[in-house]
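**Student:** I'm passing along coords12.csv; it holds CSV, C-alpha atoms.
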```csv
chain,number,residue,atom,x,y,z
A,25,MET,CA,16.4,-18.0,3.7
A,26,PHE,CA,17.4,-21.1,1.8
A,27,GLY,CA,18.3,-20.6,-1.8
A,28,GLY,CA,17.7,-17.3,-3.5
A,29,GLY,CA,16.6,-18.0,-7.0
A,30,SER,CA,18.7,-18.8,-10.0
A,31,TYR,CA,18.6,-15.1,-10.9
A,32,MET,CA,21.2,-14.4,-8.2
A,33,ILE,CA,24.5,-13.4,-9.6
A,34,GLY,CA,27.0,-16.2,-9.5
A,35,MET,CA,24.6,-18.8,-8.2
A,36,THR,CA,25.7,-22.4,-9.0
A,37,ASP,CA,24.3,-25.8,-8.5
A,38,ARG,CA,26.4,-26.3,-5.4
A,39,ASP,CA,24.6,-23.3,-3.8
A,40,THR,CA,21.2,-24.9,-4.1
A,41,THR,CA,21.7,-28.7,-4.2
A,42,LEU,CA,20.7,-30.9,-1.2
A,43,ARG,CA,23.5,-33.3,-2.1
A,44,PHE,CA,26.7,-33.0,-0.1
A,45,ASP,CA,29.4,-32.4,-2.8
A,46,PRO,CA,32.5,-30.8,-1.2
A,47,ARG,CA,34.5,-28.6,-3.5
A,48,PHE,CA,38.0,-29.8,-2.6
A,49,ASP,CA,40.9,-27.6,-3.6
A,50,ASP,CA,43.9,-28.8,-5.6
A,51,ALA,CA,45.3,-30.5,-2.5
A,52,GLY,CA,42.0,-32.3,-1.9
A,53,LEU,CA,41.0,-30.2,1.1
A,54,VAL,CA,38.2,-28.0,2.3
A,55,THR,CA,38.4,-25.6,5.2
A,56,ALA,CA,36.9,-26.7,8.5
A,57,VAL,CA,35.8,-24.0,11.0
A,58,VAL,CA,35.2,-25.3,14.5
A,59,THR,CA,33.1,-23.5,17.1
A,60,THR,CA,31.4,-24.3,20.4
A,61,ARG,CA,27.6,-24.5,20.7
A,62,ALA,CA,27.8,-20.9,22.1
A,63,GLY,CA,29.6,-19.7,19.0
A,64,GLY,CA,33.1,-19.4,20.3
A,65,LEU,CA,35.6,-20.0,17.4
A,66,LEU,CA,38.0,-22.7,18.6
A,67,MET,CA,40.1,-23.5,15.5
A,68,VAL,CA,40.4,-23.6,11.8
A,69,ALA,CA,41.8,-26.7,10.1
A,70,HIS,CA,41.4,-28.7,6.9
A,71,MET,CA,39.6,-31.9,5.9
A,72,ASN,CA,40.0,-34.2,3.0
A,73,ALA,CA,37.3,-36.8,2.0
A,74,GLU,CA,38.8,-39.3,4.4
A,75,ALA,CA,38.7,-36.9,7.3
A,76,ILE,CA,35.1,-36.0,6.6
A,77,ALA,CA,34.1,-39.7,6.5
A,78,ALA,CA,36.0,-40.4,9.7
A,79,THR,CA,34.4,-37.5,11.5
A,80,GLN,CA,30.9,-38.6,10.4
A,81,ALA,CA,31.5,-42.2,11.4
A,82,SER,CA,33.1,-41.5,14.8
A,83,GLY,CA,31.4,-38.3,15.8
A,84,GLU,CA,34.8,-36.9,16.7
A,85,ALA,CA,36.5,-34.2,14.7
A,86,THR,CA,39.2,-35.6,12.5
A,87,PHE,CA,41.3,-33.4,10.2
A,88,TRP,CA,44.0,-33.7,7.6
A,89,SER,CA,47.3,-32.4,9.0
A,90,ARG,CA,49.1,-30.6,6.2
A,91,SER,CA,52.3,-30.4,8.3
A,92,ARG,CA,52.3,-34.1,9.1
A,93,GLY,CA,50.8,-35.3,5.9
A,94,ARG,CA,48.4,-37.6,7.6
A,95,LEU,CA,44.9,-38.0,9.1
A,96,TRP,CA,44.8,-36.4,12.5
A,97,LYS,CA,42.1,-37.1,15.0
A,98,LYS,CA,42.0,-34.1,17.2
A,99,GLY,CA,42.9,-35.1,20.8
A,100,GLU,CA,44.5,-38.4,19.7
A,101,THR,CA,47.5,-37.6,22.0
A,102,SER,CA,46.1,-34.9,24.3
A,103,GLY,CA,42.7,-36.5,24.9
A,104,ASN,CA,41.1,-33.2,24.1
A,105,VAL,CA,38.7,-34.6,21.5
A,106,LEU,CA,36.0,-32.5,19.8
A,107,ARG,CA,32.6,-34.2,19.8
A,108,MET,CA,30.6,-33.1,16.8
A,109,VAL,CA,27.2,-31.7,17.5
A,110,GLU,CA,26.5,-30.6,13.9
A,111,MET,CA,28.2,-30.2,10.6
A,112,ARG,CA,27.2,-27.5,8.1
A,113,VAL,CA,28.5,-26.6,4.7
A,114,ASP,CA,28.7,-23.2,3.0
A,115,CYS,CA,27.1,-22.1,-0.2
A,116,ASP,CA,29.8,-23.2,-2.6
A,117,GLN,CA,30.7,-26.2,-0.4
A,118,ASP,CA,34.4,-25.4,0.1
A,119,ALA,CA,34.1,-24.8,3.8
A,120,LEU,CA,32.6,-26.8,6.7
A,121,TRP,CA,31.3,-25.6,10.0
A,122,LEU,CA,31.7,-28.1,12.9
A,123,VAL,CA,29.8,-27.2,16.0
A,124,VAL,CA,31.4,-29.3,18.8
A,125,ASP,CA,31.6,-30.0,22.5
A,126,ALA,CA,35.2,-29.6,23.4
A,127,ALA,CA,36.9,-31.8,26.0
A,128,GLY,CA,39.6,-29.4,27.2
A,129,ALA,CA,41.8,-27.0,25.3
A,130,ALA,CA,41.4,-26.9,21.5
A,131,CYS,CA,44.8,-25.3,20.9
A,132,HIS,CA,48.1,-27.0,21.0
A,133,THR,CA,49.4,-24.1,23.1
A,134,GLY,CA,47.0,-25.1,25.9
A,135,ALA,CA,44.6,-22.3,25.2
A,136,THR,CA,40.9,-22.9,25.0
A,137,SER,CA,40.8,-21.4,21.6
A,138,CYS,CA,43.5,-20.9,19.0
A,139,PHE,CA,42.3,-17.3,18.7
A,140,TYR,CA,43.8,-15.9,21.9
A,141,ARG,CA,45.2,-12.7,20.5
A,142,ARG,CA,43.4,-9.6,19.1
A,143,VAL,CA,45.0,-7.8,16.2
A,144,GLU,CA,45.6,-4.1,16.7
A,145,GLY,CA,47.5,-2.7,13.8
A,146,ASP,CA,50.8,-4.5,13.7
A,147,ALA,CA,50.5,-5.6,17.3
A,148,LEU,CA,48.7,-8.5,19.0
A,149,VAL,CA,46.9,-8.1,22.3
A,150,PRO,CA,46.3,-11.2,24.5
A,151,ILE,CA,42.6,-11.9,25.1
A,152,ALA,CA,42.0,-11.6,28.8
B,20,MET,CA,45.1,-18.9,28.7
B,21,PHE,CA,47.6,-17.0,26.6
B,22,GLY,CA,50.6,-19.0,25.7
B,23,GLY,CA,51.4,-22.4,27.2
B,24,GLY,CA,55.1,-22.5,27.7
B,25,SER,CA,57.8,-23.3,25.2
B,26,TYR,CA,57.8,-26.9,26.3
B,27,MET,CA,54.5,-27.5,24.3
B,28,ILE,CA,55.0,-29.7,21.4
B,29,GLY,CA,55.3,-27.8,18.1
B,30,MET,CA,55.3,-24.3,19.7
B,31,THR,CA,56.7,-21.7,17.4
B,32,ASP,CA,57.5,-18.0,17.6
B,33,ARG,CA,54.3,-17.2,15.8
B,34,ASP,CA,52.3,-18.9,18.6
B,35,THR,CA,53.7,-16.6,21.3
B,36,THR,CA,54.7,-13.3,19.6
B,37,LEU,CA,52.8,-10.1,20.1
B,38,ARG,CA,53.7,-9.0,16.6
B,39,PHE,CA,51.1,-9.5,13.9
B,40,ASP,CA,53.0,-11.6,11.3
B,41,PRO,CA,50.4,-13.4,9.0
B,42,ARG,CA,51.6,-16.7,7.6
B,43,PHE,CA,50.4,-16.4,4.0
B,44,ASP,CA,50.1,-19.4,1.9
B,45,ASP,CA,51.8,-19.9,-1.6
B,46,ALA,CA,49.0,-17.7,-3.1
B,47,GLY,CA,49.7,-14.9,-0.5
B,48,LEU,CA,46.5,-15.6,1.4
B,49,VAL,CA,45.2,-16.4,4.9
B,50,THR,CA,41.8,-17.8,5.8
B,51,ALA,CA,39.3,-15.3,7.2
B,52,VAL,CA,36.4,-16.5,9.3
B,53,VAL,CA,33.6,-14.0,9.8
B,54,THR,CA,31.1,-14.3,12.7
B,55,THR,CA,28.5,-12.0,14.3
B,56,ARG,CA,29.1,-10.7,17.9
B,57,ALA,CA,26.7,-13.5,19.0
B,58,GLY,CA,28.9,-16.1,17.4
B,59,GLY,CA,27.0,-17.0,14.3
B,60,LEU,CA,29.3,-18.1,11.5
B,61,LEU,CA,28.5,-15.9,8.5
B,62,MET,CA,31.1,-16.8,5.9
B,63,VAL,CA,34.7,-17.9,5.2
B,64,ALA,CA,36.8,-16.0,2.8
B,65,HIS,CA,40.5,-15.2,2.1
B,66,MET,CA,42.6,-12.1,2.7
B,67,ASN,CA,46.0,-11.1,1.3
B,68,ALA,CA,48.1,-8.4,2.9
B,69,GLU,CA,46.3,-5.7,0.9
B,70,ALA,CA,42.9,-6.9,2.1
B,71,ILE,CA,44.0,-6.9,5.7
B,72,ALA,CA,45.3,-3.4,5.4
B,73,ALA,CA,42.1,-2.2,3.7
B,74,THR,CA,40.0,-3.8,6.4
B,75,GLN,CA,42.0,-2.2,9.1
B,76,ALA,CA,41.9,1.2,7.5
B,77,SER,CA,38.3,1.3,6.6
B,78,GLY,CA,36.8,-0.9,9.4
B,79,GLU,CA,34.8,-2.8,6.7
B,80,ALA,CA,35.7,-6.3,5.7
B,81,THR,CA,37.6,-6.5,2.5
B,82,PHE,CA,38.7,-9.8,1.0
B,83,TRP,CA,40.8,-11.2,-1.9
B,84,SER,CA,38.4,-12.8,-4.4
B,85,ARG,CA,40.1,-15.8,-5.8
B,86,SER,CA,37.5,-16.2,-8.5
B,87,ARG,CA,37.8,-12.6,-9.7
B,88,GLY,CA,41.5,-12.2,-8.9
B,89,ARG,CA,41.0,-8.8,-7.2
B,90,LEU,CA,40.4,-7.1,-4.0
B,91,TRP,CA,36.7,-7.4,-3.0
B,92,LYS,CA,35.1,-5.2,-0.4
B,93,LYS,CA,32.1,-7.2,0.9
B,94,GLY,CA,28.9,-5.3,0.0
B,95,GLU,CA,30.5,-3.1,-2.6
B,96,THR,CA,27.6,-3.9,-5.0
B,97,SER,CA,24.9,-5.2,-2.6
B,98,GLY,CA,25.5,-2.7,0.1
B,99,ASN,CA,25.6,-5.5,2.7
B,100,VAL,CA,28.9,-4.4,4.2
B,101,LEU,CA,30.4,-6.1,7.3
B,102,ARG,CA,31.6,-3.6,9.9
B,103,MET,CA,34.5,-4.9,11.8
B,104,VAL,CA,34.1,-5.1,15.6
B,105,GLU,CA,37.3,-7.1,16.3
B,106,MET,CA,40.0,-9.0,14.4
B,107,ARG,CA,41.8,-11.9,16.0
B,108,VAL,CA,44.5,-14.2,14.7
B,109,ASP,CA,45.1,-17.9,15.5
B,110,CYS,CA,48.1,-19.5,17.0
B,111,ASP,CA,50.1,-20.0,13.8
B,112,GLN,CA,48.8,-16.9,12.2
B,113,ASP,CA,47.4,-18.4,9.1
B,114,ALA,CA,43.7,-17.7,10.0
B,115,LEU,CA,41.9,-14.5,11.0
B,116,TRP,CA,38.6,-14.2,12.9
B,117,LEU,CA,36.6,-11.1,12.1
B,118,VAL,CA,33.8,-10.3,14.5
B,119,VAL,CA,31.4,-8.0,12.6
B,120,ASP,CA,28.1,-6.2,12.5
B,121,ALA,CA,26.4,-7.3,9.3
B,122,ALA,CA,24.2,-4.9,7.2
B,123,GLY,CA,22.0,-7.5,5.6
B,124,ALA,CA,22.7,-10.9,4.1
B,125,ALA,CA,26.3,-12.1,4.2
B,126,CYS,CA,25.7,-14.7,1.5
B,127,HIS,CA,25.4,-14.0,-2.2
B,128,THR,CA,22.4,-16.3,-2.3
B,129,GLY,CA,20.5,-13.9,-0.1
B,130,ALA,CA,20.9,-16.0,3.0
B,131,THR,CA,21.9,-14.4,6.3
B,132,SER,CA,24.8,-16.9,6.6
B,133,CYS,CA,26.5,-18.9,3.9
B,134,PHE,CA,26.0,-21.9,6.2
B,135,TYR,CA,22.3,-22.5,5.5
B,136,ARG,CA,22.6,-26.3,5.1
B,137,ARG,CA,23.3,-29.1,7.6
B,138,VAL,CA,25.3,-32.1,6.5
B,139,GLU,CA,23.6,-35.5,7.1
B,140,GLY,CA,25.7,-38.2,5.5
B,141,ASP,CA,25.6,-37.5,1.8
B,142,ALA,CA,22.5,-35.2,2.1
B,143,LEU,CA,22.1,-31.5,3.0
B,144,VAL,CA,19.2,-30.3,5.1
B,145,PRO,CA,18.2,-26.7,4.9
B,146,ILE,CA,18.4,-24.8,8.3
B,147,ALA,CA,15.0,-23.6,9.3
```
Write out the structure in this file as structure tokens.
**Tutor:**
Amino acid sequence: MFGGGSYMIGMTDRDTTLRFDPRFDDAGLVTAVVTTRAGGLLMVAHMNAEAIAATQASGEATFWSRSRGRLWKKGETSGNVLRMVEMRVDCDQDALWLVVDAAGAACHTGATSCFYRRVEGDALVPIA
Amino acid sequence: MFGGGSYMIGMTDRDTTLRFDPRFDDAGLVTAVVTTRAGGLLMVAHMNAEAIAATQASGEATFWSRSRGRLWKKGETSGNVLRMVEMRVDCDQDALWLVVDAAGAACHTGATSCFYRRVEGDALVPIA
């Protein structure tokens, strides 16, 4: 399934390269999607080059906090760290997928996952 | 697991409300994470208010294409539509999780998932 041939519409070098070359946005960030091994979506955050390097070096997920304007090791205060099992990158290298083992709640609300509400029209329904 | 009490640090109304109130960025977008029912991460894209409405109305994932500057129904040319099973929203409502049934490859490269490479330091390793 890897690659698809240069004939594919819109294919770029980033799609096919085996060199990690994150496509940072104007703020120097890529999107980071965090799931459990079982595929449960825990949270979505952002990483800059420093956060990626820190995560690779420590094995614990570290993000860039846009609200705080600083590097933010997940669990630094709560203790609920996210131990990285695997990091993947998407076709155009502007999104990362971190598979993790979570020590406790991933969400600041105390929920296991940040995605604790289902969208039904204009309403939200708590996930049982 | 829903909620966590207003004593939690940084809790806002968006965390606890049962009203869908997406927190769009300066470009009018939220992040949309797309997985299968089994939890496989297929792709990450963006949605504006119009894309959310179109997805809810049609039951098929529709995004905002930043590169093309227009609404983009996934599969409109390839036929590989993503039929929505469920939509969830995260705590601060700037990210959506779409659980879908995928008709064919989700990635424009022809891969099932856009995340077909594992990151190992500065290298990428194709997923078998």
**Student:** After a least-squares superposition on chain A over all sequentially paired C-alpha atoms, what is chain B as a PDB file with C-alpha atoms, in the frame of the given file?
**Tutor:**
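Result file follows (superposed22.pdb):
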```pdb
ATOM      1  CA  MET B  20      16.548 -18.032   3.942  1.00  0.00           C
ATOM      2  CA  PHE B  21      17.514 -21.126   2.002  1.00  0.00           C
ATOM      3  CA  GLY B  22      18.336 -20.445  -1.557  1.00  0.00           C
ATOM      4  CA  GLY B  23      17.713 -17.108  -3.268  1.00  0.00           C
ATOM      5  CA  GLY B  24      16.555 -17.886  -6.732  1.00  0.00           C
ATOM      6  CA  SER B  25      18.608 -18.724  -9.776  1.00  0.00           C
ATOM      7  CA  TYR B  26      18.572 -15.113 -10.837  1.00  0.00           C
ATOM      8  CA  MET B  27      21.259 -14.299  -8.123  1.00  0.00           C
ATOM      9  CA  ILE B  28      24.502 -13.389  -9.590  1.00  0.00           C
ATOM     10  CA  GLY B  29      27.022 -16.259  -9.577  1.00  0.00           C
ATOM     11  CA  MET B  30      24.545 -18.905  -8.285  1.00  0.00           C
ATOM     12  CA  THR B  31      25.717 -22.391  -8.982  1.00  0.00           C
ATOM     13  CA  ASP B  32      24.347 -25.894  -8.514  1.00  0.00           C
ATOM     14  CA  ARG B  33      26.437 -26.310  -5.419  1.00  0.00           C
ATOM     15  CA  ASP B  34      24.661 -23.309  -3.816  1.00  0.00           C
ATOM     16  CA  THR B  35      21.211 -24.904  -4.123  1.00  0.00           C
ATOM     17  CA  THR B  36      21.701 -28.716  -4.158  1.00  0.00           C
ATOM     18  CA  LEU B  37      20.710 -30.919  -1.283  1.00  0.00           C
ATOM     19  CA  ARG B  38      23.524 -33.298  -2.114  1.00  0.00           C
ATOM     20  CA  PHE B  39      26.707 -32.996  -0.093  1.00  0.00           C
ATOM     21  CA  ASP B  40      29.369 -32.468  -2.816  1.00  0.00           C
ATOM     22  CA  PRO B  41      32.536 -30.862  -1.179  1.00  0.00           C
ATOM     23  CA  ARG B  42      34.537 -28.666  -3.516  1.00  0.00           C
ATOM     24  CA  PHE B  43      38.074 -29.769  -2.641  1.00  0.00           C
ATOM     25  CA  ASP B  44      40.941 -27.653  -3.537  1.00  0.00           C
ATOM     26  CA  ASP B  45      44.044 -28.808  -5.640  1.00  0.00           C
ATOM     27  CA  ALA B  46      45.387 -30.503  -2.438  1.00  0.00           C
ATOM     28  CA  GLY B  47      42.027 -32.388  -1.934  1.00  0.00           C
ATOM     29  CA  LEU B  48      41.052 -30.248   1.035  1.00  0.00           C
ATOM     30  CA  VAL B  49      38.232 -28.029   2.339  1.00  0.00           C
ATOM     31  CA  THR B  50      38.431 -25.525   5.171  1.00  0.00           C
ATOM     32  CA  ALA B  51      36.903 -26.636   8.471  1.00  0.00           C
ATOM     33  CA  VAL B  52      35.820 -24.063  11.015  1.00  0.00           C
ATOM     34  CA  VAL B  53      35.197 -25.382  14.509  1.00  0.00           C
ATOM     35  CA  THR B  54      33.035 -23.475  17.047  1.00  0.00           C
ATOM     36  CA  THR B  55      31.393 -24.312  20.395  1.00  0.00           C
ATOM     37  CA  ARG B  56      27.529 -24.489  20.604  1.00  0.00           C
ATOM     38  CA  ALA B  57      27.735 -20.932  22.060  1.00  0.00           C
ATOM     39  CA  GLY B  58      29.537 -19.712  18.990  1.00  0.00           C
ATOM     40  CA  GLY B  59      33.071 -19.373  20.183  1.00  0.00           C
ATOM     41  CA  LEU B  60      35.567 -19.926  17.389  1.00  0.00           C
ATOM     42  CA  LEU B  61      37.934 -22.664  18.564  1.00  0.00           C
ATOM     43  CA  MET B  62      40.128 -23.417  15.572  1.00  0.00           C
ATOM     44  CA  VAL B  63      40.396 -23.652  11.760  1.00  0.00           C
ATOM     45  CA  ALA B  64      41.721 -26.732  10.167  1.00  0.00           C
ATOM     46  CA  HIS B  65      41.442 -28.712   6.878  1.00  0.00           C
ATOM     47  CA  MET B  66      39.611 -31.906   5.967  1.00  0.00           C
ATOM     48  CA  ASN B  67      39.994 -34.210   2.957  1.00  0.00           C
ATOM     49  CA  ALA B  68      37.333 -36.718   2.014  1.00  0.00           C
ATOM     50  CA  GLU B  69      38.814 -39.306   4.389  1.00  0.00           C
ATOM     51  CA  ALA B  70      38.675 -36.885   7.315  1.00  0.00           C
ATOM     52  CA  ILE B  71      35.074 -36.026   6.631  1.00  0.00           C
ATOM     53  CA  ALA B  72      34.134 -39.649   6.515  1.00  0.00           C
ATOM     54  CA  ALA B  73      36.019 -40.394   9.749  1.00  0.00           C
ATOM     55  CA  THR B  74      34.328 -37.488  11.469  1.00  0.00           C
ATOM     56  CA  GLN B  75      30.957 -38.617  10.370  1.00  0.00           C
ATOM     57  CA  ALA B  76      31.538 -42.181  11.412  1.00  0.00           C
ATOM     58  CA  SER B  77      33.053 -41.561  14.743  1.00  0.00           C
ATOM     59  CA  GLY B  78      31.319 -38.247  15.713  1.00  0.00           C
ATOM     60  CA  GLU B  79      34.774 -36.847  16.715  1.00  0.00           C
ATOM     61  CA  ALA B  80      36.512 -34.257  14.634  1.00  0.00           C
ATOM     62  CA  THR B  81      39.212 -35.641  12.470  1.00  0.00           C
ATOM     63  CA  PHE B  82      41.327 -33.450  10.217  1.00  0.00           C
ATOM     64  CA  TRP B  83      44.038 -33.708   7.504  1.00  0.00           C
ATOM     65  CA  SER B  84      47.299 -32.403   8.999  1.00  0.00           C
ATOM     66  CA  ARG B  85      49.121 -30.617   6.289  1.00  0.00           C
ATOM     67  CA  SER B  86      52.275 -30.406   8.342  1.00  0.00           C
ATOM     68  CA  ARG B  87      52.347 -34.133   9.111  1.00  0.00           C
ATOM     69  CA  GLY B  88      50.768 -35.266   5.838  1.00  0.00           C
ATOM     70  CA  ARG B  89      48.321 -37.650   7.579  1.00  0.00           C
ATOM     71  CA  LEU B  90      44.954 -37.984   9.007  1.00  0.00           C
ATOM     72  CA  TRP B  91      44.811 -36.358  12.488  1.00  0.00           C
ATOM     73  CA  LYS B  92      42.063 -37.060  14.961  1.00  0.00           C
ATOM     74  CA  LYS B  93      41.975 -33.995  17.261  1.00  0.00           C
ATOM     75  CA  GLY B  94      42.913 -35.113  20.800  1.00  0.00           C
ATOM     76  CA  GLU B  95      44.440 -38.390  19.756  1.00  0.00           C
ATOM     77  CA  THR B  96      47.481 -37.636  21.990  1.00  0.00           C
ATOM     78  CA  SER B  97      46.106 -34.932  24.342  1.00  0.00           C
ATOM     79  CA  GLY B  98      42.755 -36.485  24.853  1.00  0.00           C
ATOM     80  CA  ASN B  99      41.066 -33.139  24.103  1.00  0.00           C
ATOM     81  CA  VAL B 100      38.711 -34.567  21.502  1.00  0.00           C
ATOM     82  CA  LEU B 101      35.976 -32.443  19.841  1.00  0.00           C
ATOM     83  CA  ARG B 102      32.603 -34.196  19.777  1.00  0.00           C
ATOM     84  CA  MET B 103      30.615 -33.212  16.812  1.00  0.00           C
ATOM     85  CA  VAL B 104      27.172 -31.689  17.494  1.00  0.00           C
ATOM     86  CA  GLU B 105      26.450 -30.545  13.903  1.00  0.00           C
ATOM     87  CA  MET B 106      28.243 -30.195  10.560  1.00  0.00           C
ATOM     88  CA  ARG B 107      27.195 -27.556   8.081  1.00  0.00           C
ATOM     89  CA  VAL B 108      28.534 -26.649   4.668  1.00  0.00           C
ATOM     90  CA  ASP B 109      28.692 -23.212   2.980  1.00  0.00           C
ATOM     91  CA  CYS B 110      27.145 -22.115  -0.216  1.00  0.00           C
ATOM     92  CA  ASP B 111      29.909 -23.256  -2.572  1.00  0.00           C
ATOM     93  CA  GLN B 112      30.805 -26.215  -0.498  1.00  0.00           C
ATOM     94  CA  ASP B 113      34.409 -25.473   0.030  1.00  0.00           C
ATOM     95  CA  ALA B 114      34.083 -24.784   3.826  1.00  0.00           C
ATOM     96  CA  LEU B 115      32.602 -26.852   6.656  1.00  0.00           C
ATOM     97  CA  TRP B 116      31.369 -25.589  10.043  1.00  0.00           C
ATOM     98  CA  LEU B 117      31.648 -28.094  12.853  1.00  0.00           C
ATOM     99  CA  VAL B 118      29.709 -27.260  15.981  1.00  0.00           C
ATOM    100  CA  VAL B 119      31.322 -29.287  18.800  1.00  0.00           C
ATOM    101  CA  ASP B 120      31.555 -30.028  22.479  1.00  0.00           C
ATOM    102  CA  ALA B 121      35.200 -29.596  23.410  1.00  0.00           C
ATOM    103  CA  ALA B 122      36.935 -31.834  26.054  1.00  0.00           C
ATOM    104  CA  GLY B 123      39.588 -29.389  27.123  1.00  0.00           C
ATOM    105  CA  ALA B 124      41.808 -26.995  25.215  1.00  0.00           C
ATOM    106  CA  ALA B 125      41.351 -26.880  21.448  1.00  0.00           C
ATOM    107  CA  CYS B 126      44.729 -25.237  20.905  1.00  0.00           C
ATOM    108  CA  HIS B 127      48.075 -26.985  21.054  1.00  0.00           C
ATOM    109  CA  THR B 128      49.388 -24.102  23.120  1.00  0.00           C
ATOM    110  CA  GLY B 129      47.018 -25.030  25.901  1.00  0.00           C
ATOM    111  CA  ALA B 130      44.607 -22.239  25.145  1.00  0.00           C
ATOM    112  CA  THR B 131      40.864 -22.895  25.045  1.00  0.00           C
ATOM    113  CA  SER B 132      40.715 -21.345  21.535  1.00  0.00           C
ATOM    114  CA  CYS B 133      43.482 -20.885  19.023  1.00  0.00           C
ATOM    115  CA  PHE B 134      42.247 -17.288  18.743  1.00  0.00           C
ATOM    116  CA  TYR B 135      43.788 -15.942  21.961  1.00  0.00           C
ATOM    117  CA  ARG B 136      45.161 -12.719  20.406  1.00  0.00           C
ATOM    118  CA  ARG B 137      43.450  -9.573  19.082  1.00  0.00           C
ATOM    119  CA  VAL B 138      44.931  -7.773  16.119  1.00  0.00           C
ATOM    120  CA  GLU B 139      45.639  -4.031  16.673  1.00  0.00           C
ATOM    121  CA  GLY B 140      47.488  -2.693  13.665  1.00  0.00           C
ATOM    122  CA  ASP B 141      50.795  -4.497  13.625  1.00  0.00           C
ATOM    123  CA  ALA B 142      50.474  -5.616  17.318  1.00  0.00           C
ATOM    124  CA  LEU B 143      48.677  -8.558  18.983  1.00  0.00           C
ATOM    125  CA  VAL B 144      46.928  -8.156  22.306  1.00  0.00           C
ATOM    126  CA  PRO B 145      46.311 -11.197  24.396  1.00  0.00           C
ATOM    127  CA  ILE B 146      42.545 -11.869  25.156  1.00  0.00           C
ATOM    128  CA  ALA B 147      41.928 -11.683  28.842  1.00  0.00           C
TER     129      ALA B 147
END
```
**Student:** Which polymer residues have any atom within 9 Å of an atom of Cys138 (chain A), counting only C-alpha atoms, with same-chain residues fewer than 4 positions away left out, as a list in words?
**Tutor:**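 Those residues are Leu65, Leu66, Met67, Val68, Ala129, Ala130, Cys131, His132, Thr133 and Gly134 of chain A; Val108, Asp109, Cys110 and Asp111 of chain B.
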**Student:** Per residue of chain A within 6 Å of chain B, record the nearest atom pair and its distance in Å to one decimal, counting only C-alpha atoms, with rows in chain order and ascending residue number, as JSON lines.
**Tutor:**
```
{"residue": "A:Met25", "atom": "CA", "partner": "B:Ala130", "partner_atom": "CA", "distance": 5.0}
{"residue": "A:Gly27", "atom": "CA", "partner": "B:Thr128", "partner_atom": "CA", "distance": 6.0}
{"residue": "A:Gly28", "atom": "CA", "partner": "B:Thr128", "partner_atom": "CA", "distance": 5.0}
{"residue": "A:Leu42", "atom": "CA", "partner": "B:Leu143", "partner_atom": "CA", "distance": 4.5}
{"residue": "A:Arg43", "atom": "CA", "partner": "B:Ala142", "partner_atom": "CA", "distance": 4.7}
{"residue": "A:Phe44", "atom": "CA", "partner": "B:Asp141", "partner_atom": "CA", "distance": 5.0}
{"residue": "A:Gly63", "atom": "CA", "partner": "B:Gly58", "partner_atom": "CA", "distance": 4.0}
{"residue": "A:Met111", "atom": "CA", "partner": "B:Val138", "partner_atom": "CA", "distance": 5.4}
{"residue": "A:Arg112", "atom": "CA", "partner": "B:Arg137", "partner_atom": "CA", "distance": 4.2}
{"residue": "A:Val113", "atom": "CA", "partner": "B:Phe134", "partner_atom": "CA", "distance": 5.5}
{"residue": "A:Asp114", "atom": "CA", "partner": "B:Phe134", "partner_atom": "CA", "distance": 4.4}
{"residue": "A:Cys115", "atom": "CA", "partner": "B:Cys133", "partner_atom": "CA", "distance": 5.2}
{"residue": "A:Thr133", "atom": "CA", "partner": "B:Gly23", "partner_atom": "CA", "distance": 4.9}
{"residue": "A:Gly134", "atom": "CA", "partner": "B:Gly23", "partner_atom": "CA", "distance": 5.3}
{"residue": "A:Ala135", "atom": "CA", "partner": "B:Met20", "partner_atom": "CA", "distance": 4.9}
{"residue": "A:Cys138", "atom": "CA", "partner": "B:Asp109", "partner_atom": "CA", "distance": 4.9}
{"residue": "A:Phe139", "atom": "CA", "partner": "B:Asp109", "partner_atom": "CA", "distance": 4.3}
{"residue": "A:Arg141", "atom": "CA", "partner": "B:Arg107", "partner_atom": "CA", "distance": 5.7}
{"residue": "A:Arg142", "atom": "CA", "partner": "B:Arg107", "partner_atom": "CA", "distance": 4.2}
{"residue": "A:Val143", "atom": "CA", "partner": "B:Arg107", "partner_atom": "CA", "distance": 5.2}
{"residue": "A:Asp146", "atom": "CA", "partner": "B:Phe39", "partner_atom": "CA", "distance": 5.0}
{"residue": "A:Ala147", "atom": "CA", "partner": "B:Arg38", "partner_atom": "CA", "distance": 4.7}
{"residue": "A:Leu148", "atom": "CA", "partner": "B:Leu37", "partner_atom": "CA", "distance": 4.5}
```
**Student:** In Å to one decimal, how far is CA of Asn72 (chain A) from CA of Lys92 (chain B)?
**Tutor:**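 Between these atoms lies a distance of 29.6 Å.
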**Student:** Need to verify the contact set: Gly47 (chain B), 9 Å, all atoms listed in the file, exclusion of same-chain residues closer than 3 positions in sequence. Can you return it as number ranges by chain?
**Tutor:** B: 42-44, 66-68
**Student:** The selected residues should be written to file as a JSON list (two decimals), in the coordinates of the input (atoms: C-alpha atoms).
**Tutor:**
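Now in part.json:
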```json
[["chain", "number", "residue", "atom", "x", "y", "z"],
["B", 42, "ARG", "CA", 51.60, -16.70, 7.60],
["B", 43, "PHE", "CA", 50.40, -16.40, 4.00],
["B", 44, "ASP", "CA", 50.10, -19.40, 1.90],
["B", 66, "MET", "CA", 42.60, -12.10, 2.70],
["B", 67, "ASN", "CA", 46.00, -11.10, 1.30],
["B", 68, "ALA", "CA", 48.10, -8.40, 2.90]]
```
